[in-house]
Amino acid sequence: MLPFFLLRYREFGVLISVLAIAGAFSALSPRFATLDTASSVLTITAEVGVVTIGVAFLMIAGEFDLSVGSVFAVSGTLLAYLVAMGVPEYAAAALVLSAAAAIGLANGLITIRTGIPSFIVTLGMALFLRGLLYAATGGFPVSYKGEVLPVVFAERVGDFRVSGIWFLAVAILFYFLLHRSVFGNWVYATGGNRHAAKAMGVEIERVKLVAFMLSALMAGLGGIMYVSRFKIVEPVVGLDLPLEAIAAAVIGGCSLMGGIGSIIGAALGAALVGMTRVGLVLVGAPAYWYITFIGIILIIAAIINTRLSRYA
Amino acid sequence: MPEPLLYAKDIHKSFGPVAALRGVTMAVGRGEVVGLLGDNGAGKSTLAKILVGLYRPDRGELYFEGRRVNFRSPRDARMHGIEIVYQDLALVEDLPIYRNLFLGREPRRALGMLDIEAMKREAEKLLREIGINVRRPDDIVRRLSGGERQAIAIARAVKFGAKLVILDEPTAALSVKETEFVLDYIGRLRDRGISVIFITHNIFHVYAVADRFVILEHGSKIADLEKRCVERPETIVDIIAQRLRPDQVGC
Ligand SMILES: Nc1ncnc2c1ncn2[C@@H]1O[C@H](COP(=O)(O)OP(=O)(O)OP(=O)(O)O)[C@@H](O)[C@H]1O
Ligand SMILES: [Mg+2]
């Protein structure tokens, strides 16, 4: 059972949505409420979820990251290339995560130094990286030859995959970072009222840089989890991911204006995305309905959150 | 007169062609509430910003606790014990009271974790001191009244060791009842030996709590009056409106 005492008003909205959607799919398909389905949902939730948590953290600090989809794809592809070149898998993963963090640092430095909105900077970064990826791969999928990471990130344990544990670990880590640490207090203050934060001595630029890096780092981790599961990456993977992650974060109670949101909410938002993807397949809806459905949920969730915030 | 807490001597400050301060000298005693008055553009806010290290004077000297000081930044001034509470208060509206109170100076435990229990305990104590015990440390600042917010912003400054608190129009946006509450709180600060510079346009507000009035006009000090020499607030209104010369106010 979910630990209700951890929930604030804002998370009740998404919790109710999750339960409602689960109920609806269970009514529509007898195969929804099974362990098998739960496993598929958790697998997808885990990959979307680590990215969503990074994006939510950055949103709370007051900035956007539209480059997470490209970072996700570049990370998976780079990992496959490095391993094919004979780099040991753990070293390759460490390199990929460092590269992802470096991209986040670049996003942050450009945003802070120039004052251009991060929405634009990271959109530019997304296009730039995606183009590089197409050029490097010639548009063809790259397959992953390693054996170790697929076990570490995607091995089946009973009915479930270990990626679920990684997601849980990331969620717990970020929970403590955002809600319990001094740095987390600065993140909320920076996103909520940067003038106030600055007046009280918070180094808001440093806070934002770290948040940009964490967002990219989590996108990199998502990419590694993805390639570990499929052992192949197409260069178009993750095209919808930035908007999916932002949608999941908003569904989970994050404000587009910054300063509001939570890790539990973001994780539940990602779960809702995972459930919708799997559920629509089970009820036999054509695949493209998925994004339409997410759009509807997003708008409804945003309305609920605005209403709830009046009582928070 | 005992050595003042703050002594500002012959402070000049210009912004391009605009001479905002033309040699202002003033002192603030320990536990004294000084009302800093004057018309729009008289130089009150500029003087305040110099005292907290936000601007550097073109000329003039600052002494704090008897020693010459030279503030390079607000952080410098804060380390000496001078804080300003701005009208926009520097509170994060979506954060609870206890997180606002410690913003930037959070008590830590191992691994950079917040000491949340300590924060809430202290916040509760502070709320009792201020006299808004109906509020819980967990309450979101957005839900507080203007007066409560003002009091919390002042209390935060005092809590972190301010010996001199500068309030720039703290009552400008408050209702009558909220104003009374803030004025009462300022009075209690004085009783604890904390000095206050109270900038306002409302002479009636400041008259209730101030011990002394400093009046600026076009960047110069035109009057510096003990409260006991001023029988009625209207006298000050008359001086600012130049219906009365300061030397006509006997004492
Ligand atoms: N940063 C600045 N740049 C240029 N001129 C300034 C600046 N700050 C203040 N001034 C000018 O200096 C003069 C004094 O301004 P100041 O804000 O100190 O007045 P004040 O007494 O606080 O007025 P008010 O009661 O309207 O707040 C004004 O003429 C103002 O226009
Ligand atoms: Mg002013």
# chains A, B, ... in the order shown; residues from 1 in each chain; ligands from 1
>>> residues_around(residues="range 179-193 of chain B", least_positions_apart="4", cutoff="7 Å", atoms="only C-alpha atoms", output="short mmCIF file (atom, residue, chain, number, x, y, z; two decimals) with N, CA, C and O atoms, in the first residue's frame")
data_model
loop_
_atom_site.label_atom_id
_atom_site.label_comp_id
_atom_site.auth_asym_id
_atom_site.auth_seq_id
_atom_site.Cartn_x
_atom_site.Cartn_y
_atom_site.Cartn_z
N ARG B 30 21.73 52.23 20.34
CA ARG B 30 21.35 50.84 20.61
C ARG B 30 19.93 50.79 21.15
O ARG B 30 19.56 51.55 22.04
N GLY B 31 19.14 49.92 20.57
CA GLY B 31 17.76 49.79 21.00
C GLY B 31 16.92 51.02 20.67
O GLY B 31 15.88 51.24 21.27
N GLU B 32 17.37 51.79 19.70
CA GLU B 32 16.62 52.98 19.32
C GLU B 32 15.85 52.72 18.02
O GLU B 32 16.36 52.06 17.12
N VAL B 33 14.62 53.24 17.97
CA VAL B 33 13.85 53.17 16.74
C VAL B 33 13.87 54.55 16.09
O VAL B 33 13.40 55.51 16.69
N ILE B 130 6.60 36.05 18.18
CA ILE B 130 6.00 37.10 17.35
C ILE B 130 4.56 37.35 17.79
O ILE B 130 4.04 38.45 17.68
N GLY B 147 0.55 41.26 7.28
CA GLY B 147 1.18 41.60 8.55
C GLY B 147 1.99 40.43 9.10
O GLY B 147 3.10 40.61 9.61
N ALA B 151 5.97 40.36 9.74
CA ALA B 151 6.54 40.00 11.05
C ALA B 151 7.51 38.84 10.91
O ALA B 151 8.56 38.82 11.56
N THR B 171 4.74 49.07 6.44
CA THR B 171 3.30 49.08 6.67
C THR B 171 2.53 49.57 5.46
O THR B 171 1.30 49.71 5.50
N LEU B 174 -0.42 47.32 4.34
CA LEU B 174 -1.12 46.59 5.38
C LEU B 174 -2.43 47.26 5.81
O LEU B 174 -2.58 48.48 5.72
N SER B 175 -3.34 46.43 6.30
CA SER B 175 -4.57 46.96 6.87
C SER B 175 -4.28 47.59 8.23
O SER B 175 -3.18 47.44 8.77
N VAL B 209 5.88 54.43 17.38
CA VAL B 209 6.98 53.59 17.88
C VAL B 209 8.34 54.25 17.90
O VAL B 209 9.25 53.76 18.58
#
>>> closest_atom_pairs(of="range 131-208 of chain A", to="range 61-85 of chain A", cutoff="6 Å", atoms="only C-alpha atoms", output="Markdown table")
| residue | atom | partner | partner_atom | distance |
| --- | --- | --- | --- | --- |
| A:Tyr144 | CA | A:Ala80 | CA | 4.7 |
| A:Val187 | CA | A:Ala61 | CA | 4.9 |
| A:Tyr188 | CA | A:Ala61 | CA | 6.0 |
| A:Thr190 | CA | A:Ala61 | CA | 5.6 |
| A:Gly191 | CA | A:Ala61 | CA | 4.0 |
>>> residues_around(residues="Leu133 in chain A", least_positions_apart="2", cutoff="9 Å", atoms="only C-alpha atoms", output="count of residues only")
15
>>> interface_residues(of="chain B", to="chain A", cutoff="12 Å", atoms="only C-alpha atoms", output="JSON, numbers by chain")
{"B": [52, 54, 73, 74, 75, 76, 78, 79, 83, 84, 85, 86, 87, 88, 89, 90, 91, 92, 93, 94, 95, 96, 98, 99, 100, 101, 102, 103, 104, 105, 106, 107, 108, 109, 110, 111, 112, 113, 114, 115, 116, 117, 119, 138, 139, 140, 141, 142, 143, 153, 156, 157, 160]}
>>> residues_near_ligand(ligand="ligand 1", cutoff="6 Å", atoms="only C-alpha atoms and all ligand atoms", output="PDB file with N, CA, C and O atoms, in the first residue's frame")
ATOM      1  N   PHE B  15      23.585  59.466  -8.744  1.00  0.00           N
ATOM      2  CA  PHE B  15      23.348  58.571  -9.871  1.00  0.00           C
ATOM      3  C   PHE B  15      23.439  59.432 -11.115  1.00  0.00           C
ATOM      4  O   PHE B  15      22.481  60.145 -11.442  1.00  0.00           O
ATOM      5  N   ALA B  20      21.438  62.007  -5.140  1.00  0.00           N
ATOM      6  CA  ALA B  20      20.418  61.409  -4.275  1.00  0.00           C
ATOM      7  C   ALA B  20      20.698  61.728  -2.812  1.00  0.00           C
ATOM      8  O   ALA B  20      19.774  61.926  -2.025  1.00  0.00           O
ATOM      9  N   ASP B  39       9.909  63.288   1.632  1.00  0.00           N
ATOM     10  CA  ASP B  39       9.041  63.136   0.473  1.00  0.00           C
ATOM     11  C   ASP B  39       9.584  62.100  -0.508  1.00  0.00           C
ATOM     12  O   ASP B  39      10.697  61.618  -0.359  1.00  0.00           O
ATOM     13  N   ASN B  40       8.804  61.804  -1.537  1.00  0.00           N
ATOM     14  CA  ASN B  40       9.252  60.900  -2.599  1.00  0.00           C
ATOM     15  C   ASN B  40      10.554  61.435  -3.190  1.00  0.00           C
ATOM     16  O   ASN B  40      10.665  62.611  -3.493  1.00  0.00           O
ATOM     17  N   GLY B  41      11.513  60.525  -3.329  1.00  0.00           N
ATOM     18  CA  GLY B  41      12.776  60.926  -3.952  1.00  0.00           C
ATOM     19  C   GLY B  41      13.716  61.684  -3.037  1.00  0.00           C
ATOM     20  O   GLY B  41      14.739  62.209  -3.480  1.00  0.00           O
ATOM     21  N   ALA B  42      13.406  61.737  -1.732  1.00  0.00           N
ATOM     22  CA  ALA B  42      14.249  62.484  -0.792  1.00  0.00           C
ATOM     23  C   ALA B  42      15.594  61.798  -0.568  1.00  0.00           C
ATOM     24  O   ALA B  42      16.560  62.439  -0.159  1.00  0.00           O
ATOM     25  N   GLY B  43      15.652  60.476  -0.833  1.00  0.00           N
ATOM     26  CA  GLY B  43      16.915  59.758  -0.654  1.00  0.00           C
ATOM     27  C   GLY B  43      16.887  58.709   0.446  1.00  0.00           C
ATOM     28  O   GLY B  43      17.912  58.133   0.783  1.00  0.00           O
ATOM     29  N   LYS B  44      15.711  58.408   0.969  1.00  0.00           N
ATOM     30  CA  LYS B  44      15.587  57.458   2.090  1.00  0.00           C
ATOM     31  C   LYS B  44      16.061  56.052   1.693  1.00  0.00           C
ATOM     32  O   LYS B  44      16.876  55.434   2.387  1.00  0.00           O
ATOM     33  N   SER B  45      15.524  55.569   0.583  1.00  0.00           N
ATOM     34  CA  SER B  45      15.897  54.209   0.171  1.00  0.00           C
ATOM     35  C   SER B  45      17.366  54.137  -0.222  1.00  0.00           C
ATOM     36  O   SER B  45      18.037  53.135   0.041  1.00  0.00           O
ATOM     37  N   THR B  46      17.868  55.185  -0.834  1.00  0.00           N
ATOM     38  CA  THR B  46      19.282  55.196  -1.209  1.00  0.00           C
ATOM     39  C   THR B  46      20.163  55.100   0.036  1.00  0.00           C
ATOM     40  O   THR B  46      21.117  54.326   0.076  1.00  0.00           O
TER      41      THR B  46
END
>>> atom_distance(atom1="CA of Ala106 in chain A", atom2="CA of Leu214 in chain A")
12.2 Å
>>> select_by_dssp(residues="range 3-189 of chain A", states="alpha helix (DSSP H)", output="ChimeraX atom specification")
/A:9-28,35-60,68-84,89-114,118-137,148-154,163-175,182-189
>>> select_by_dssp(residues="range 68-260 of chain A", states="strand (DSSP E)", output="list of chain:residue names")
A:Val142, A:Ser143, A:Arg156, A:Val157, A:Phe160, A:Arg161, A:Ile232, A:Val233
>>> closest_residue(among="A:Ser98, A:Phe230, A:Tyr290, A:Leu298", to="Val278 in chain A", atoms="only C-alpha atoms")
A:Tyr290
>>> residues_around(residues="Tyr55 in chain B", least_positions_apart="2", cutoff="12 Å", atoms="only C-alpha atoms", output="count of residues only")
25
>>> residues_around(residues="Leu127 in chain B", least_positions_apart="3", cutoff="10 Å", atoms="only C-alpha atoms", output="PyMOL selection string")
chain B and resi 97-98+122-124+130-137+148+151-152+155
>>> residues_around(residues="Gln248 in chain B", least_positions_apart="2", cutoff="12 Å", atoms="only C-alpha atoms", output="ChimeraX atom specification")
/B:223,225,229-230,235-236,238-239,242-246,250-251
>>> write_last_selection(atoms="all heavy atoms", output="mmCIF file, in the first residue's frame")
data_model
loop_
_atom_site.group_PDB
_atom_site.id
_atom_site.type_symbol
_atom_site.label_atom_id
_atom_site.label_comp_id
_atom_site.auth_asym_id
_atom_site.auth_seq_id
_atom_site.Cartn_x
_atom_site.Cartn_y
_atom_site.Cartn_z
ATOM 1 N N ALA B 223 16.086 67.780 9.388
ATOM 2 C CA ALA B 223 15.703 67.766 10.804
ATOM 3 C C ALA B 223 16.096 66.443 11.435
ATOM 4 O O ALA B 223 16.146 65.414 10.768
ATOM 5 C CB ALA B 223 14.200 67.980 10.951
ATOM 6 N N LEU B 225 15.017 65.023 15.177
ATOM 7 C CA LEU B 225 14.264 65.420 16.369
ATOM 8 C C LEU B 225 13.992 64.253 17.301
ATOM 9 O O LEU B 225 13.594 63.178 16.857
ATOM 10 C CB LEU B 225 12.909 66.013 15.946
ATOM 11 C CG LEU B 225 12.949 67.221 15.028
ATOM 12 C CD1 LEU B 225 11.574 67.435 14.421
ATOM 13 C CD2 LEU B 225 13.407 68.442 15.804
ATOM 14 N N CYS B 229 10.568 65.906 21.926
ATOM 15 C CA CYS B 229 10.473 67.309 21.525
ATOM 16 C C CYS B 229 9.336 67.546 20.540
ATOM 17 O O CYS B 229 9.090 68.664 20.126
ATOM 18 C CB CYS B 229 11.772 67.775 20.878
ATOM 19 S SG CYS B 229 13.226 67.368 21.834
ATOM 20 N N VAL B 230 8.722 66.466 20.105
ATOM 21 C CA VAL B 230 7.659 66.602 19.108
ATOM 22 C C VAL B 230 6.341 66.227 19.761
ATOM 23 O O VAL B 230 6.134 65.076 20.120
ATOM 24 C CB VAL B 230 7.918 65.677 17.898
ATOM 25 C CG1 VAL B 230 6.862 65.890 16.834
ATOM 26 C CG2 VAL B 230 9.304 65.895 17.351
ATOM 27 N N THR B 235 3.159 67.958 13.714
ATOM 28 C CA THR B 235 4.346 68.807 13.653
ATOM 29 C C THR B 235 5.302 68.316 12.562
ATOM 30 O O THR B 235 5.861 69.102 11.801
ATOM 31 C CB THR B 235 5.071 68.766 15.025
ATOM 32 O OG1 THR B 235 4.101 69.003 16.030
ATOM 33 C CG2 THR B 235 6.167 69.800 15.093
ATOM 34 N N ILE B 236 5.455 67.003 12.513
ATOM 35 C CA ILE B 236 6.375 66.434 11.527
ATOM 36 C C ILE B 236 5.832 66.624 10.119
ATOM 37 O O ILE B 236 6.571 66.963 9.187
ATOM 38 C CB ILE B 236 6.616 64.947 11.836
ATOM 39 C CG1 ILE B 236 7.339 64.861 13.179
ATOM 40 C CG2 ILE B 236 7.435 64.293 10.745
ATOM 41 C CD1 ILE B 236 7.603 63.479 13.639
ATOM 42 N N ASP B 238 4.100 69.037 9.163
ATOM 43 C CA ASP B 238 4.337 70.441 8.832
ATOM 44 C C ASP B 238 5.785 70.689 8.419
ATOM 45 O O ASP B 238 6.048 71.486 7.515
ATOM 46 C CB ASP B 238 3.971 71.341 10.026
ATOM 47 C CG ASP B 238 2.461 71.428 10.205
ATOM 48 O OD1 ASP B 238 1.746 71.119 9.224
ATOM 49 O OD2 ASP B 238 2.009 71.787 11.302
ATOM 50 N N ILE B 239 6.711 70.007 9.070
ATOM 51 C CA ILE B 239 8.117 70.206 8.695
ATOM 52 C C ILE B 239 8.371 69.669 7.291
ATOM 53 O O ILE B 239 8.998 70.326 6.460
ATOM 54 C CB ILE B 239 9.059 69.508 9.708
ATOM 55 C CG1 ILE B 239 8.963 70.197 11.073
ATOM 56 C CG2 ILE B 239 10.499 69.547 9.200
ATOM 57 C CD1 ILE B 239 9.725 69.486 12.169
ATOM 58 N N GLN B 242 7.135 71.840 4.797
ATOM 59 C CA GLN B 242 7.813 73.135 4.897
ATOM 60 C C GLN B 242 6.888 74.270 5.361
ATOM 61 O O GLN B 242 7.067 75.424 4.983
ATOM 62 C CB GLN B 242 8.492 73.493 3.568
ATOM 63 C CG GLN B 242 9.561 72.483 3.231
ATOM 64 C CD GLN B 242 10.201 72.701 1.883
ATOM 65 O OE1 GLN B 242 9.519 72.968 0.902
ATOM 66 N NE2 GLN B 242 11.511 72.577 1.827
ATOM 67 N N ARG B 243 5.896 73.892 6.157
ATOM 68 C CA ARG B 243 5.061 74.928 6.787
ATOM 69 C C ARG B 243 5.704 75.367 8.096
ATOM 70 O O ARG B 243 5.290 76.351 8.695
ATOM 71 C CB ARG B 243 3.657 74.362 7.072
ATOM 72 C CG ARG B 243 2.796 74.230 5.818
ATOM 73 C CD ARG B 243 1.383 73.886 6.171
ATOM 74 N NE ARG B 243 1.248 72.533 6.687
ATOM 75 C CZ ARG B 243 0.915 71.491 5.924
ATOM 76 N NH1 ARG B 243 0.668 71.655 4.643
ATOM 77 N NH2 ARG B 243 0.825 70.289 6.442
ATOM 78 N N LEU B 244 6.707 74.586 8.514
ATOM 79 C CA LEU B 244 7.315 74.832 9.820
ATOM 80 C C LEU B 244 8.809 74.603 9.664
ATOM 81 O O LEU B 244 9.230 73.636 9.009
ATOM 82 C CB LEU B 244 6.727 73.807 10.808
ATOM 83 C CG LEU B 244 6.871 74.052 12.292
ATOM 84 C CD1 LEU B 244 6.060 75.279 12.716
ATOM 85 C CD2 LEU B 244 6.394 72.820 13.049
ATOM 86 N N ARG B 245 9.646 75.496 10.239
ATOM 87 C CA ARG B 245 11.082 75.247 10.214
ATOM 88 C C ARG B 245 11.441 74.379 11.417
ATOM 89 O O ARG B 245 10.885 74.537 12.494
ATOM 90 C CB ARG B 245 11.850 76.574 10.273
ATOM 91 C CG ARG B 245 11.840 77.350 8.949
ATOM 92 C CD ARG B 245 13.000 78.353 8.905
ATOM 93 N NE ARG B 245 13.245 79.025 10.178
ATOM 94 C CZ ARG B 245 12.572 80.106 10.591
ATOM 95 N NH1 ARG B 245 11.596 80.622 9.848
ATOM 96 N NH2 ARG B 245 12.872 80.662 11.751
ATOM 97 N N PRO B 246 12.399 73.454 11.239
ATOM 98 C CA PRO B 246 12.748 72.547 12.342
ATOM 99 C C PRO B 246 13.186 73.319 13.586
ATOM 100 O O PRO B 246 12.911 72.891 14.702
ATOM 101 C CB PRO B 246 13.912 71.733 11.772
ATOM 102 C CG PRO B 246 13.784 71.843 10.293
ATOM 103 C CD PRO B 246 13.110 73.135 9.992
ATOM 104 N N GLY B 250 10.788 73.548 19.502
ATOM 105 C CA GLY B 250 11.629 73.709 20.668
ATOM 106 C C GLY B 250 11.696 72.454 21.520
ATOM 107 O O GLY B 250 10.868 71.576 21.411
ATOM 108 N N CYS B 251 12.763 72.373 22.328
ATOM 109 C CA CYS B 251 12.866 71.213 23.197
ATOM 110 C C CYS B 251 13.754 71.565 24.384
ATOM 111 O O CYS B 251 14.756 72.221 24.232
ATOM 112 C CB CYS B 251 13.452 70.042 22.432
ATOM 113 S SG CYS B 251 13.304 68.502 23.314
#
>>> residues_around(residues="range 152-166 of chain A", least_positions_apart="4", cutoff="6 Å", atoms="only C-alpha atoms", output="list in words")
Ser39, Ala46, Met225, Ser228 and Arg229 of chain A
>>> write_last_selection(atoms="N, CA and C atoms", output="short mmCIF file (atom, residue, chain, number, x, y, z; two decimals), in the first residue's frame")
data_model
loop_
_atom_site.label_atom_id
_atom_site.label_comp_id
_atom_site.auth_asym_id
_atom_site.auth_seq_id
_atom_site.Cartn_x
_atom_site.Cartn_y
_atom_site.Cartn_z
N SER A 39 4.11 -6.12 -14.55
CA SER A 39 5.52 -6.17 -14.89
C SER A 39 5.83 -5.27 -16.09
N ALA A 46 9.63 2.51 -15.33
CA ALA A 46 11.00 2.69 -14.84
C ALA A 46 11.80 3.56 -15.80
N MET A 225 19.25 2.07 -19.60
CA MET A 225 18.26 1.05 -19.24
C MET A 225 17.55 0.53 -20.49
N SER A 228 19.81 -1.68 -22.60
CA SER A 228 20.03 -2.93 -21.89
C SER A 228 18.86 -3.89 -22.09
N ARG A 229 17.67 -3.33 -22.27
CA ARG A 229 16.49 -4.17 -22.44
C ARG A 229 16.35 -4.66 -23.88
#
>>> atom_distance(atom1="CA of Val142 in chain A", atom2="CA of Val227 in chain A")
9.6 Å
